[in-house]
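So the structure is just underneath, and the comments pick up after that.
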Amino acid sequence: MTEPTLRVPCPDCGGTADRDVSGQVDWSGALRWCAETHCAACGFTTYAMDDVLSAAERAAVAAQEGWFALLLTPADSADPRVRSAVRHALDLTFAQVVAMFRECPRRPVTGLRVELDLVVARIRRAAPRATPTVEPLP
Ligand SMILES: [Zn+2]
């Protein structure tokens, strides 16, 4: 799989550099974004790790991989442990989670694949019998 590539200004020569971003879940269970920037013109290369993704980077990942939805069974979506796991994984308030599940109980969350994989991992840890799945959005 090729990684999503953004075109960014090169900090060294002012030309155009390529930036590849990829997401991964680290040892602590947190989502980290790794960005490698490389300028073909001058050879400038840098790596950066961050736990947030810029809007442009997120859009580039989505353009490459598409958007995904978290799917829950009716029983799982009614489980307070599942709701609590979603709340903590996405850093939401209680009211926000209640509103999300009220609007779309079986498909409360959409996002990037790696973001939803993280939510699924948190749900499975909180409620081992839950069966959350991630599916691509059309
Ligand atoms: Zn350069």
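Chain lettering (A, B, ...) mirrors the order of the structure tokens, residue numbering begins at 1 for each chain separately, and ligand numbering begins at 1 in order of display.
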
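Using only C-alpha atoms and all ligand atoms, residues with at least one atom at most 10 Å away from any atom of ligand 1 are A:Pro9, A:Cys10, A:Pro11, A:Asp12, A:Cys13, A:Gly14, A:Gly15, A:Thr16, A:Ala17, A:Asp18, A:Thr37, A:His38, A:Cys39, A:Ala40, A:Ala41, A:Cys42, A:Gly43, A:Phe44, A:Thr45.
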
Mind dumping the selected residues with N, CA and C atoms as a short mmCIF file (atom, residue, chain, number, x, y, z; two decimals), in the first residue's frame?
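Written file, part30.cif:
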```cif
data_model
loop_
_atom_site.label_atom_id
_atom_site.label_comp_id
_atom_site.auth_asym_id
_atom_site.auth_seq_id
_atom_site.Cartn_x
_atom_site.Cartn_y
_atom_site.Cartn_z
N PRO A 9 5.95 22.94 0.92
CA PRO A 9 7.15 23.71 0.61
C PRO A 9 8.37 23.15 1.36
N CYS A 10 9.50 23.06 0.68
CA CYS A 10 10.72 22.58 1.32
C CYS A 10 11.29 23.69 2.20
N PRO A 11 11.54 23.41 3.50
CA PRO A 11 12.07 24.45 4.39
C PRO A 11 13.51 24.84 4.05
N ASP A 12 14.21 24.00 3.31
CA ASP A 12 15.61 24.28 2.99
C ASP A 12 15.77 25.10 1.71
N CYS A 13 15.21 24.59 0.60
CA CYS A 13 15.47 25.27 -0.67
C CYS A 13 14.24 26.02 -1.21
N GLY A 14 13.10 25.87 -0.55
CA GLY A 14 11.91 26.58 -0.99
C GLY A 14 11.20 25.90 -2.15
N GLY A 15 11.73 24.77 -2.58
CA GLY A 15 11.07 24.00 -3.64
C GLY A 15 9.90 23.22 -3.09
N THR A 16 9.51 22.19 -3.83
CA THR A 16 8.37 21.39 -3.39
C THR A 16 8.84 20.04 -2.87
N ALA A 17 8.46 19.73 -1.64
CA ALA A 17 8.84 18.47 -1.03
C ALA A 17 7.61 17.56 -0.93
N ASP A 18 7.85 16.25 -0.87
CA ASP A 18 6.77 15.28 -0.66
C ASP A 18 6.68 14.94 0.82
N THR A 37 9.07 13.84 5.41
CA THR A 37 9.14 14.88 4.38
C THR A 37 10.45 14.73 3.63
N HIS A 38 10.36 14.69 2.31
CA HIS A 38 11.57 14.53 1.51
C HIS A 38 11.52 15.46 0.30
N CYS A 39 12.61 16.19 0.10
CA CYS A 39 12.71 17.07 -1.05
C CYS A 39 13.65 16.44 -2.07
N ALA A 40 13.12 16.15 -3.27
CA ALA A 40 13.94 15.50 -4.30
C ALA A 40 14.99 16.47 -4.84
N ALA A 41 14.71 17.78 -4.77
CA ALA A 41 15.62 18.76 -5.36
C ALA A 41 16.90 18.91 -4.54
N CYS A 42 16.78 19.05 -3.19
CA CYS A 42 17.97 19.33 -2.39
C CYS A 42 18.32 18.19 -1.44
N GLY A 43 17.45 17.19 -1.34
CA GLY A 43 17.75 16.06 -0.48
C GLY A 43 17.32 16.23 0.96
N PHE A 44 16.69 17.35 1.29
CA PHE A 44 16.21 17.57 2.66
C PHE A 44 15.24 16.46 3.06
N THR A 45 15.48 15.87 4.23
CA THR A 45 14.60 14.81 4.73
C THR A 45 14.37 15.01 6.21
#
```

Contacts of range 121-127 of chain A at 9 Å (only C-alpha atoms; same-chain gap of 4+ positions) as a JSON list (two decimals) with N, CA and C atoms, in the first residue's frame:
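What ended up in around15.json:
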```json
[["chain", "number", "residue", "atom", "x", "y", "z"],
["A", 29, "GLY", "N", -1.32, 2.43, 23.18],
["A", 29, "GLY", "CA", -2.68, 2.39, 22.66],
["A", 29, "GLY", "C", -3.13, 3.73, 22.12],
["A", 76, "ASP", "N", -24.72, -3.86, 21.28],
["A", 76, "ASP", "CA", -23.47, -3.15, 21.59],
["A", 76, "ASP", "C", -23.70, -1.64, 21.68],
["A", 79, "ASP", "N", -24.87, -0.62, 24.97],
["A", 79, "ASP", "CA", -24.01, -0.97, 26.10],
["A", 79, "ASP", "C", -23.26, 0.28, 26.59],
["A", 81, "ARG", "N", -20.70, 0.51, 28.41],
["A", 81, "ARG", "CA", -19.25, 0.36, 28.34],
["A", 81, "ARG", "C", -18.74, 0.71, 26.94],
["A", 82, "VAL", "N", -19.55, 0.34, 25.92],
["A", 82, "VAL", "CA", -19.17, 0.67, 24.54],
["A", 82, "VAL", "C", -19.20, 2.18, 24.35],
["A", 83, "ARG", "N", -20.26, 2.80, 24.83],
["A", 83, "ARG", "CA", -20.37, 4.26, 24.69],
["A", 83, "ARG", "C", -19.24, 4.98, 25.42],
["A", 84, "SER", "N", -18.90, 4.46, 26.58],
["A", 84, "SER", "CA", -17.83, 5.06, 27.35],
["A", 84, "SER", "C", -16.48, 4.91, 26.62],
["A", 85, "ALA", "N", -16.26, 3.74, 25.99],
["A", 85, "ALA", "CA", -15.02, 3.52, 25.25],
["A", 85, "ALA", "C", -14.93, 4.47, 24.06],
["A", 86, "VAL", "N", -16.04, 4.67, 23.36],
["A", 86, "VAL", "CA", -16.07, 5.60, 22.23],
["A", 86, "VAL", "C", -15.78, 7.02, 22.72],
["A", 88, "HIS", "N", -14.08, 7.99, 25.35],
["A", 88, "HIS", "CA", -12.67, 8.20, 25.71],
["A", 88, "HIS", "C", -11.74, 8.13, 24.50],
["A", 89, "ALA", "N", -12.05, 7.23, 23.57],
["A", 89, "ALA", "CA", -11.19, 7.10, 22.38],
["A", 89, "ALA", "C", -11.20, 8.39, 21.57],
["A", 116, "LEU", "N", -10.59, 4.52, 13.44],
["A", 116, "LEU", "CA", -11.66, 3.62, 13.87],
["A", 116, "LEU", "C", -11.10, 2.31, 14.42],
["A", 117, "ASP", "N", -9.95, 1.86, 13.88],
["A", 117, "ASP", "CA", -9.31, 0.68, 14.45],
["A", 117, "ASP", "C", -8.97, 0.92, 15.92],
["A", 131, "THR", "N", -18.91, -6.74, 19.38],
["A", 131, "THR", "CA", -18.40, -7.12, 18.06],
["A", 131, "THR", "C", -18.44, -5.93, 17.10],
["A", 132, "PRO", "N", -17.67, -4.88, 17.42],
["A", 132, "PRO", "CA", -17.64, -3.72, 16.52],
["A", 132, "PRO", "C", -16.89, -4.08, 15.23]]
```

If you run DSSP on the backbone, which residues of chain A are helix (DSSP H, G or I), as a PDB file with C-alpha atoms, in the first residue's frame?
```pdb
ATOM      1  CA  ALA A  55      -6.798  19.043   8.176  1.00  0.00           C
ATOM      2  CA  ALA A  56      -4.797  18.872   4.931  1.00  0.00           C
ATOM      3  CA  GLU A  57      -3.010  15.705   6.024  1.00  0.00           C
ATOM      4  CA  ARG A  58      -6.267  14.103   7.128  1.00  0.00           C
ATOM      5  CA  ALA A  59      -7.834  14.956   3.770  1.00  0.00           C
ATOM      6  CA  ALA A  60      -4.839  13.430   1.954  1.00  0.00           C
ATOM      7  CA  VAL A  61      -5.157  10.193   3.921  1.00  0.00           C
ATOM      8  CA  ALA A  62      -8.902  10.109   3.251  1.00  0.00           C
ATOM      9  CA  ALA A  63      -8.348  10.735  -0.471  1.00  0.00           C
ATOM     10  CA  GLN A  64      -6.042   7.736  -0.550  1.00  0.00           C
ATOM     11  CA  GLU A  65      -7.908   5.316   1.699  1.00  0.00           C
ATOM     12  CA  PRO A  74     -28.052  -2.948  18.532  1.00  0.00           C
ATOM     13  CA  ALA A  75     -26.963  -4.637  21.776  1.00  0.00           C
ATOM     14  CA  ASP A  76     -23.474  -3.148  21.592  1.00  0.00           C
ATOM     15  CA  SER A  77     -24.711   0.333  20.796  1.00  0.00           C
ATOM     16  CA  PRO A  80     -22.773   1.855  28.350  1.00  0.00           C
ATOM     17  CA  ARG A  81     -19.252   0.356  28.345  1.00  0.00           C
ATOM     18  CA  VAL A  82     -19.174   0.666  24.537  1.00  0.00           C
ATOM     19  CA  ARG A  83     -20.374   4.263  24.692  1.00  0.00           C
ATOM     20  CA  SER A  84     -17.826   5.061  27.352  1.00  0.00           C
ATOM     21  CA  ALA A  85     -15.015   3.522  25.246  1.00  0.00           C
ATOM     22  CA  VAL A  86     -16.067   5.603  22.228  1.00  0.00           C
ATOM     23  CA  ARG A  87     -16.205   8.698  24.401  1.00  0.00           C
ATOM     24  CA  HIS A  88     -12.672   8.200  25.714  1.00  0.00           C
ATOM     25  CA  ALA A  89     -11.193   7.105  22.381  1.00  0.00           C
ATOM     26  CA  LEU A  90     -12.475  10.250  20.691  1.00  0.00           C
ATOM     27  CA  PHE A  94     -20.856  12.657  27.685  1.00  0.00           C
ATOM     28  CA  ALA A  95     -23.480  14.820  25.941  1.00  0.00           C
ATOM     29  CA  GLN A  96     -21.688  14.537  22.589  1.00  0.00           C
ATOM     30  CA  VAL A  97     -21.629  10.745  22.784  1.00  0.00           C
ATOM     31  CA  VAL A  98     -25.289  10.560  23.790  1.00  0.00           C
ATOM     32  CA  ALA A  99     -26.171  12.782  20.817  1.00  0.00           C
ATOM     33  CA  MET A 100     -24.059  10.675  18.412  1.00  0.00           C
ATOM     34  CA  PHE A 101     -25.683   7.427  19.474  1.00  0.00           C
ATOM     35  CA  ARG A 102     -29.160   8.948  19.420  1.00  0.00           C
ATOM     36  CA  GLU A 103     -28.716  10.190  15.860  1.00  0.00           C
ATOM     37  CA  ARG A 113      -9.449   3.547   9.051  1.00  0.00           C
ATOM     38  CA  VAL A 114      -6.692   3.790  11.656  1.00  0.00           C
ATOM     39  CA  GLU A 115      -8.803   6.112  13.827  1.00  0.00           C
ATOM     40  CA  LEU A 116     -11.658   3.622  13.871  1.00  0.00           C
ATOM     41  CA  ASP A 117      -9.306   0.676  14.449  1.00  0.00           C
ATOM     42  CA  LEU A 118      -8.266   2.500  17.595  1.00  0.00           C
ATOM     43  CA  VAL A 119     -11.898   2.945  18.671  1.00  0.00           C
ATOM     44  CA  VAL A 120     -12.543  -0.763  18.015  1.00  0.00           C
ATOM     45  CA  ALA A 121      -9.530  -1.741  20.149  1.00  0.00           C
ATOM     46  CA  ARG A 122     -10.790   0.432  22.996  1.00  0.00           C
ATOM     47  CA  ILE A 123     -14.304  -1.037  22.731  1.00  0.00           C
ATOM     48  CA  ARG A 124     -12.975  -4.621  22.780  1.00  0.00           C
ATOM     49  CA  ARG A 125     -10.913  -3.866  25.854  1.00  0.00           C
ATOM     50  CA  ALA A 126     -13.873  -2.306  27.674  1.00  0.00           C
TER      51      ALA A 126
END
```

Neighbour list for Ser22 in chain A as a JSON list (two decimals) with N, CA and C atoms, in the first residue's frame, cut-off 9 Å, only C-alpha atoms, skip fewer than 5 positions in-chain:
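What ended up in result_15.json:
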```
[["chain", "number", "residue", "atom", "x", "y", "z"],
["A", 3, "GLU", "N", 1.63, 5.16, 0.70],
["A", 3, "GLU", "CA", 1.14, 6.08, 1.72],
["A", 3, "GLU", "C", 0.68, 7.38, 1.07],
["A", 4, "PRO", "N", -0.30, 8.03, 1.70],
["A", 4, "PRO", "CA", -0.77, 9.30, 1.15],
["A", 4, "PRO", "C", 0.35, 10.32, 1.12],
["A", 32, "ARG", "N", -0.70, 7.60, 16.76],
["A", 32, "ARG", "CA", 0.39, 8.52, 16.43],
["A", 32, "ARG", "C", 0.49, 8.62, 14.92],
["A", 33, "TRP", "N", 0.77, 9.82, 14.45],
["A", 33, "TRP", "CA", 0.94, 10.04, 13.03],
["A", 33, "TRP", "C", 2.40, 10.29, 12.73],
["A", 34, "CYS", "N", 2.91, 9.55, 11.77],
["A", 34, "CYS", "CA", 4.31, 9.69, 11.38],
["A", 34, "CYS", "C", 4.33, 10.38, 10.02],
["A", 35, "ALA", "N", 5.09, 11.45, 9.91],
["A", 35, "ALA", "CA", 5.20, 12.17, 8.65],
["A", 35, "ALA", "C", 6.65, 12.19, 8.21],
["A", 36, "GLU", "N", 6.90, 11.74, 6.99],
["A", 36, "GLU", "CA", 8.25, 11.80, 6.42],
["A", 36, "GLU", "C", 8.22, 12.81, 5.29],
["A", 61, "VAL", "N", -4.99, 11.60, 3.54],
["A", 61, "VAL", "CA", -5.16, 10.19, 3.92],
["A", 61, "VAL", "C", -6.52, 9.69, 3.45]]
```

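Straight-line separation from CA of Ala78 in chain A to CA of Leu92 in chain A: 17.4 Å.
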
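When only C-alpha atoms are used to compute distances to Asp51 in chain A, the closest of the residues A:Gly23, A:Gly66, A:Pro136, A:Pro108 turns out to be A:Gly23.
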